[in-house]
Structures are given as structure tokens and as C-alpha cells.
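Written out below as C-alpha cells is the structure these notes cover.
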Amino acid sequence: MNRTCRFPSRKGARAAQSYQERNASVSSSSSGRSGHTSRRLLRHLSGVALFALTACSSGPVSLSSGTTATTTSGARNVGVLLPLSGPNGALGNEMLAAARVALAPKPGTPATAPVPQIDAHDTAVGGAAAAIQAAVSSGDGIILGPLTSPDTSMIAPVAIQNGVPVIAFTSDVAQGRPGVWAFGLSPRQQVERLVAAAKAEGRRQFAAFLPDTPLGHAMGDALIVACQENALSAPQVTYHATTPEAINSGLATLSARDSRMTAASGEAAAPAQDLPTDLANALSSTAPKTDDATTTAGSAATAPVMSAPPFDALLLADTGLGLKNVIDAMKASQVRTTDVRVMGPGLWAAFAGKLGSIAGAWYAAPDPAGRKAFVQEFAAANHRVPKPMADLAYDAGSVAATTYQASGGSGYPVDQLTRPEGFVGADGVVRLMPDGSTERRLGIFEVQPGGGARLLGADGKPVPTGSGAS
């Protein structure tokens with residue numbers, strides 16, 4: 001069977017993680033799950049990130065046997081591998097609908113223009129292994145999917161052996177390799193963007209206070225790598241359990257609260273030693289007496305002002321109740337956003353309006369302005385607004401359609417898939433790299449004092465347009 005795509009041999013094993021083992025200071029107060037998420041957490045970016053992390057750590061979606069396919073012959077077919085039935089059937093069909101929108105001829109397209117056809121395979125019936133065999137037998141020229149990291153690992157050898165490129169929806173960057181791209185929005189992409197922006201504004205000492213969850217560890221690992229790549233000192237990384245006590249204790253240790261409090265208390269007490277004896281006695285005898293409860297309640301307000309913690313950039317990953325407890329612990333340890341650039345996951349976009357207490361904090365996410373055209377196009381075809389994960393399928397379909405047209409209908413050559421300018425999609429510009437990684441142009445959003453977030457420009461100032469999150 002003739003194929004237009006051929007991939008170079010796989011590179012050697014990825015670089016060992018010696019930097020992490022030698023330099024990163026990683027502590028864990030105990031294991032646990034992250035806090036409850038906001039009621040609106042399944043908005044655009046949050047849906048993408050949450051499901052992508054689940055897909056990376058969960059088992060395959062497949063349940064039973066057999067596949068279904070609607071095919072036409074020839075290498076122009078776009079094989080779509082998704083769960084179209086079973087527990088994840090609704091999600092799979094939503095993504096399939098988005099891929100169809102991306103691959104449909106656009107207004108003004110010449111009638112003679114090559115149009116690729118979709119060949120759908122249900123991974124919930126027979127599993128990913130049967131689906132990729134059916135796609136190869138049908139002559140599909142490119143694969144969009146599957147959904148999870150285990151499924152991607154399963155189909156990759158077959159696809160590579162047959163010269164069929166794969167744009168998988170997993171965010172597990174370990175699945176990327178020549179000819180197979182991990183297309184999901186990964187924690188690494190977000191953290192790399194945040195670290196680069198923080199370094200540009202002069203931040204040099206990075207730390208992380210993260211939940212002991214798959215997302216937390218993915219963020220922590222990404223921070224270690226990003227600091228190494230930016231020639232920064234190894235970050236201090238602490239993982240915490242979910243209880244308020246564990247969070248308060250863990251952040252107190254990370255921020256060196258005790259030593260900072262001791263130093264601040266000593267400075268505050270020093271002037272009192274210079275008071276005349278008679279004045280000191282008078283103040284002591286006339287001061288109103290308070291009970292222990294009143295003293296405890298007012299201790300936070302009367303605590304001496306501590307110096308800045310031993311870091312100037314702090315990465316968080318909590319959401320919901322967990323984030324509330326972290327913010328309370330930050331107040332107790334006097335980790336102030338005036339001293340420290342607080343950074344978090346793109347999940348924060350779903351509830352940025354409630355984050356006014358950490359005004360100045362950053363998160364990295366696609367500019368939502370780029371999604372408007374996709375929403376309108378999808379709604380026109382399906383009479384409803386697309387769900388969050390549909391973005392990935394639409395963007396992958398756009399890559400396939402653009403590449404097929406650029407090749408004149410001959411297939412999906414690697415040099416076209418990895419073109420330097422990348423592809424414009426619902427989530428902005430994405431580039432497929434020769435090694436199987438993907439690059440995205442994520443924006444930096446800054447939380448505002450009254451809640452909500454504004455997209456920052458290259459100069460660090462809010463973009464004066466309507467872009468941003470609320």
C-alpha cells in the first residue's frame with residue numbers, strides 16, 4: 001500500500017532526570033487528594049485540563065469487542081479514534097462532531113479543492129488495538145485520537161510501522177515521538193510559559209506548593225525542568241495533603257515562617273527596651289485586660305510584619321476548597337503577592353472572578369478570543385455550544401484539513417505537519433514538532449483586585465481589547 005508519510009527512526013531514550021534527583025528539594029507533608037472544584041470548573045480550559053490529566057493517569061477506555069467504520073478508499077481518509085459508545089460516548093461524539101466541523105469545506109472553498117473524509121472508529125468497542133487495525137486496513141492517511149495515554153501507547157507502534165501520523169488527544173508528553181503527537185494542553189506547556197514570563201520580570205527563586213495529586217506532580221516536575229532550561233536555581237517543591245492543618249504546616253515550613261517570625265518579633269520588641277522605666281510601668285498598669293479568646297482572635301492582626309519568604313515566585317495547583325485553604329495559609333505565613341509572583345494552572349480561568357484575594361497572580365491559558373469563531377461555526381452546524389474538549393478535536397481536524405489541502409490531496413507529509421508557522425485553531429496557534437511534542441502560544445492572565453483576569457501583552461501590561469477572563 002502506497003503511503004505519503006515516512007518517519008525517521010525513533011531517537012534514543014529521553015535525557016535522564018538527574019537534575020531533579022540532584023538538585024530539586026522535594027518534600028511531602030502527606031498524601032491526599034486535591035480540594036473540591038468550583039461549580040463552574042467545567043468551562044472551556046478547565047474541562048480540557050481536568051480530563052486530559054485523568055486520561056494520562058487512567059486505564060484504557062475500551063470495554064468490549066469489534067469496531068465500526070464508515071470509510072471511503074484512499075489515503076485521504078482521516079481516521080478518528082474515539083469512544084463513541086459506553087461511559088465516554090457523549091464526550092467522544094462531541095469531539096467527533098467538532099472534527100467534522102473542522103474538516104467540512106469552508107465558505108468560498110473551490111469545488112475542486114481536495115476535501116478529506118472522516119473514517120470513525122469506536123475505541124469503546126474492541127479497544128484501541130482493534131480500532132487502529134481497522135483504520136490501517138481502511139487506508140486512513142492520518143489518525144486523530146485516541147483519547148487516553150494508555151490507548152496512545154497501544155496504537156503508536158502500529159501507526160508508525162504503517163507510516164500513518166497520529167495526533168493524539170492525550171496531554172501525556174511522554175507519548176510524543178516522531179510521527180505521534182501528544183496534542184492535549186499539558187501542565188508542562190503552562191509551567192514553561194509561566195516560568196519564562198516570571199524570569200523576564202526578574203524572578204529568580206522559584207518554589208512550588210502543590211497538592212499530592214497527579215496534576216500537582218505534573219506541575220512540580222514541569223517546574224523542575226523549566227527552571228533547568230532557563231538556567232535558574234533548582235526550585236523548592238513541596239507536596240501537601242488536603243487538610244487545612246497539613247496545608248498550613250507545609251506552607252509555614254516552605255516559607256520559613258518560624259525564622260521570619262522570630263526575626264520580625266525581635267525587631268518589633270527592640271524599641272520597647274528603650275522606654276523609660278516609669279512610662280513602661282504606666283503602660284503596663286493601664287493596659288486593658290483581655291481574655292485568651294480575644295487575644296487569639298486578634299493575633300493575626302497584631303502579628304509583626306515579616307520579611308519576604310525565601311522565594312520570589314510560587315507555583316500553586318489547587319482549586320476549590322483546597323485553594324481557599326492555601327490562600328488562608330499564605331495569609332498566616334505572610335506570603336504576600338506584593339513580594340511573590342503567585343502562579344497557578346489554567347484551571348483558574350473557570351473561577352477567576354473569585355480570586356481577588358490573590359490579585360496579581362498569573363495563570364497561562366489560550367486567549368478565549370480565538371475560540372469565538374469555532375463556537376459560532378460549531379453552533380451553526382450542531383445547534384448547540386461546544387463542550388470544552390471539543391476544542392482539541394477541532395484543532396486537530398484543522399491541522400489535518402490544512403495539511404491535506406497544502407499537499408494537493410496527496411496525503412499528510414511530515415514536512416507539512418511540522419511546518420514552522422504552525423496552525424491556527426480554536427485555542428490559538430499550535431505547532432507540531434518533529435520529536436512529537438507540541439508548542440502552543442499561551443497567554444499570561446493576571447488576576448485583578450476585584451476578581452477576574454486580564455490578558456497581559458508582551459510588555460506585561462493588560463491588553464486594551466476585550467480579551468480576558470472573568
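Please note that chains go A, B, ... in the order of the C-alpha cells, that every chain numbers its residues from 1, and that ligands are numbered from 1 in the order shown.
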For this session: Do a neighbour search on region 182-184 of chain A at 10 Å with only C-alpha atoms, toss out local chain neighbours closer than 3 positions, and write the hits as a PyMOL selection string.
Result: chain A and resi 48-49+51-53+144-145+147-149+152+166-177+187+189+389+391-393+395-396+430-432+436-440
Problem set entry | Among listed residues A:Ala390, A:Leu194, A:Met330, A:Val237, nearest Phe378 (chain A) (using only C-alpha atoms) |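 Of all the options, A:Ala390 lies closest to Phe378 (chain A).
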Exercise. When DSSP works through the backbone of this structure, what residues of region 117-268 of chain A end up as strand (DSSP E or B), shown as a list of chain:residue names?
Worked result: A:Gln117, A:Ile118, A:Asp119, A:Ala120, A:His121, A:Asp122, A:Val125, A:Ile142, A:Ile143, A:Leu144, A:Val166, A:Ile167, A:Ala168, A:Arg177, A:Val180, A:Trp181, A:Ala182, A:Phe206, A:Ala207, A:Ala208, A:Phe209, A:Leu210, A:Pro211, A:Gln236, A:Val237, A:Thr238, A:Tyr239, A:His240
Exercise. Between CA of Ile358 (chain A) and CA of Thr338 (chain A), what is the distance, to one decimal in Å?
Worked result: 9.7 Å
For this session: Have a look at CA of Gly451 (chain A) and CA of Lys199 (chain A) and let me know their distance in Å, one decimal.
Result: 24.8 Å
For this session: Would you return as a PyMOL selection string the members of region 115-249 of chain A that DSSP assigns to alpha helix (DSSP H) on this structure's backbone?
Result: chain A and resi 127-137+149-161+187-200+214-229+244-249
For this session: Name the closest residue to Phe374 (chain A) among the candidates A:Met154, A:Ala352, A:Leu232, A:Ala426; distances are taken between atoms, counting only C-alpha atoms.
Result: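 Of the candidates, the smallest distance to Phe374 (chain A) is held by A:Ala426.
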Problem set entry | 12 Å contact set for Glu229 (chain A), only C-alpha atoms, chain neighbours under 6 positions out, as a list in words |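 Using only C-alpha atoms, the neighbours found are Tyr19, Val191, Glu192, Arg193, Val195, Ala196, Lys199, Ala222 and Leu223 of chain A.
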Mind dumping the selected residues with all heavy atoms as a short mmCIF file (atom, residue, chain, number, x, y, z; two decimals), in the first residue's frame?
```cif
data_model
loop_
_atom_site.label_atom_id
_atom_site.label_comp_id
_atom_site.auth_asym_id
_atom_site.auth_seq_id
_atom_site.Cartn_x
_atom_site.Cartn_y
_atom_site.Cartn_z
N TYR A 19 18.97 15.95 36.99
CA TYR A 19 18.84 17.30 37.56
C TYR A 19 17.83 17.29 38.70
O TYR A 19 18.07 17.85 39.77
CB TYR A 19 18.38 18.26 36.46
CG TYR A 19 18.16 19.68 36.92
CD1 TYR A 19 19.20 20.59 36.95
CD2 TYR A 19 16.89 20.10 37.28
CE1 TYR A 19 18.98 21.88 37.36
CE2 TYR A 19 16.66 21.40 37.69
CZ TYR A 19 17.71 22.29 37.73
OH TYR A 19 17.51 23.58 38.13
N VAL A 191 3.44 25.61 32.58
CA VAL A 191 4.51 25.99 33.50
C VAL A 191 5.68 26.63 32.75
O VAL A 191 6.27 27.60 33.22
CB VAL A 191 4.97 24.76 34.31
CG1 VAL A 191 6.21 25.10 35.14
CG2 VAL A 191 3.85 24.28 35.22
N GLU A 192 6.02 26.09 31.60
CA GLU A 192 7.11 26.69 30.81
C GLU A 192 6.80 28.15 30.48
O GLU A 192 7.68 29.01 30.55
CB GLU A 192 7.31 25.89 29.52
CG GLU A 192 7.99 24.55 29.73
CD GLU A 192 8.09 23.75 28.44
OE1 GLU A 192 7.41 24.13 27.45
OE2 GLU A 192 8.82 22.74 28.42
N ARG A 193 5.55 28.42 30.11
CA ARG A 193 5.16 29.79 29.78
C ARG A 193 5.24 30.70 31.00
O ARG A 193 5.71 31.84 30.92
CB ARG A 193 3.74 29.78 29.21
CG ARG A 193 3.24 31.16 28.81
CD ARG A 193 3.95 31.68 27.58
NE ARG A 193 3.42 32.98 27.18
CZ ARG A 193 3.92 34.15 27.58
NH1 ARG A 193 4.96 34.19 28.41
NH2 ARG A 193 3.40 35.28 27.15
N VAL A 195 7.08 30.28 33.80
CA VAL A 195 8.46 30.48 34.24
C VAL A 195 9.18 31.47 33.34
O VAL A 195 9.91 32.35 33.82
CB VAL A 195 9.20 29.13 34.29
CG1 VAL A 195 10.70 29.34 34.50
CG2 VAL A 195 8.64 28.26 35.41
N ALA A 196 8.98 31.35 32.04
CA ALA A 196 9.63 32.28 31.12
C ALA A 196 9.19 33.72 31.38
O ALA A 196 10.00 34.65 31.38
CB ALA A 196 9.33 31.88 29.68
N LYS A 199 10.63 34.92 34.78
CA LYS A 199 12.06 35.22 34.66
C LYS A 199 12.26 36.55 33.96
O LYS A 199 13.14 37.35 34.33
CB LYS A 199 12.77 34.11 33.89
CG LYS A 199 14.27 34.36 33.71
CD LYS A 199 14.92 33.28 32.87
CE LYS A 199 16.39 33.58 32.64
NZ LYS A 199 17.05 32.56 31.77
N ALA A 222 7.24 19.70 35.93
CA ALA A 222 7.42 20.69 34.87
C ALA A 222 8.21 21.89 35.38
O ALA A 222 9.02 22.46 34.64
CB ALA A 222 6.06 21.15 34.35
N LEU A 223 7.99 22.28 36.62
CA LEU A 223 8.73 23.42 37.18
C LEU A 223 10.21 23.10 37.28
O LEU A 223 11.07 23.95 36.97
CB LEU A 223 8.17 23.79 38.55
CG LEU A 223 8.87 24.97 39.24
CD1 LEU A 223 8.71 26.25 38.43
CD2 LEU A 223 8.35 25.17 40.66
#
```
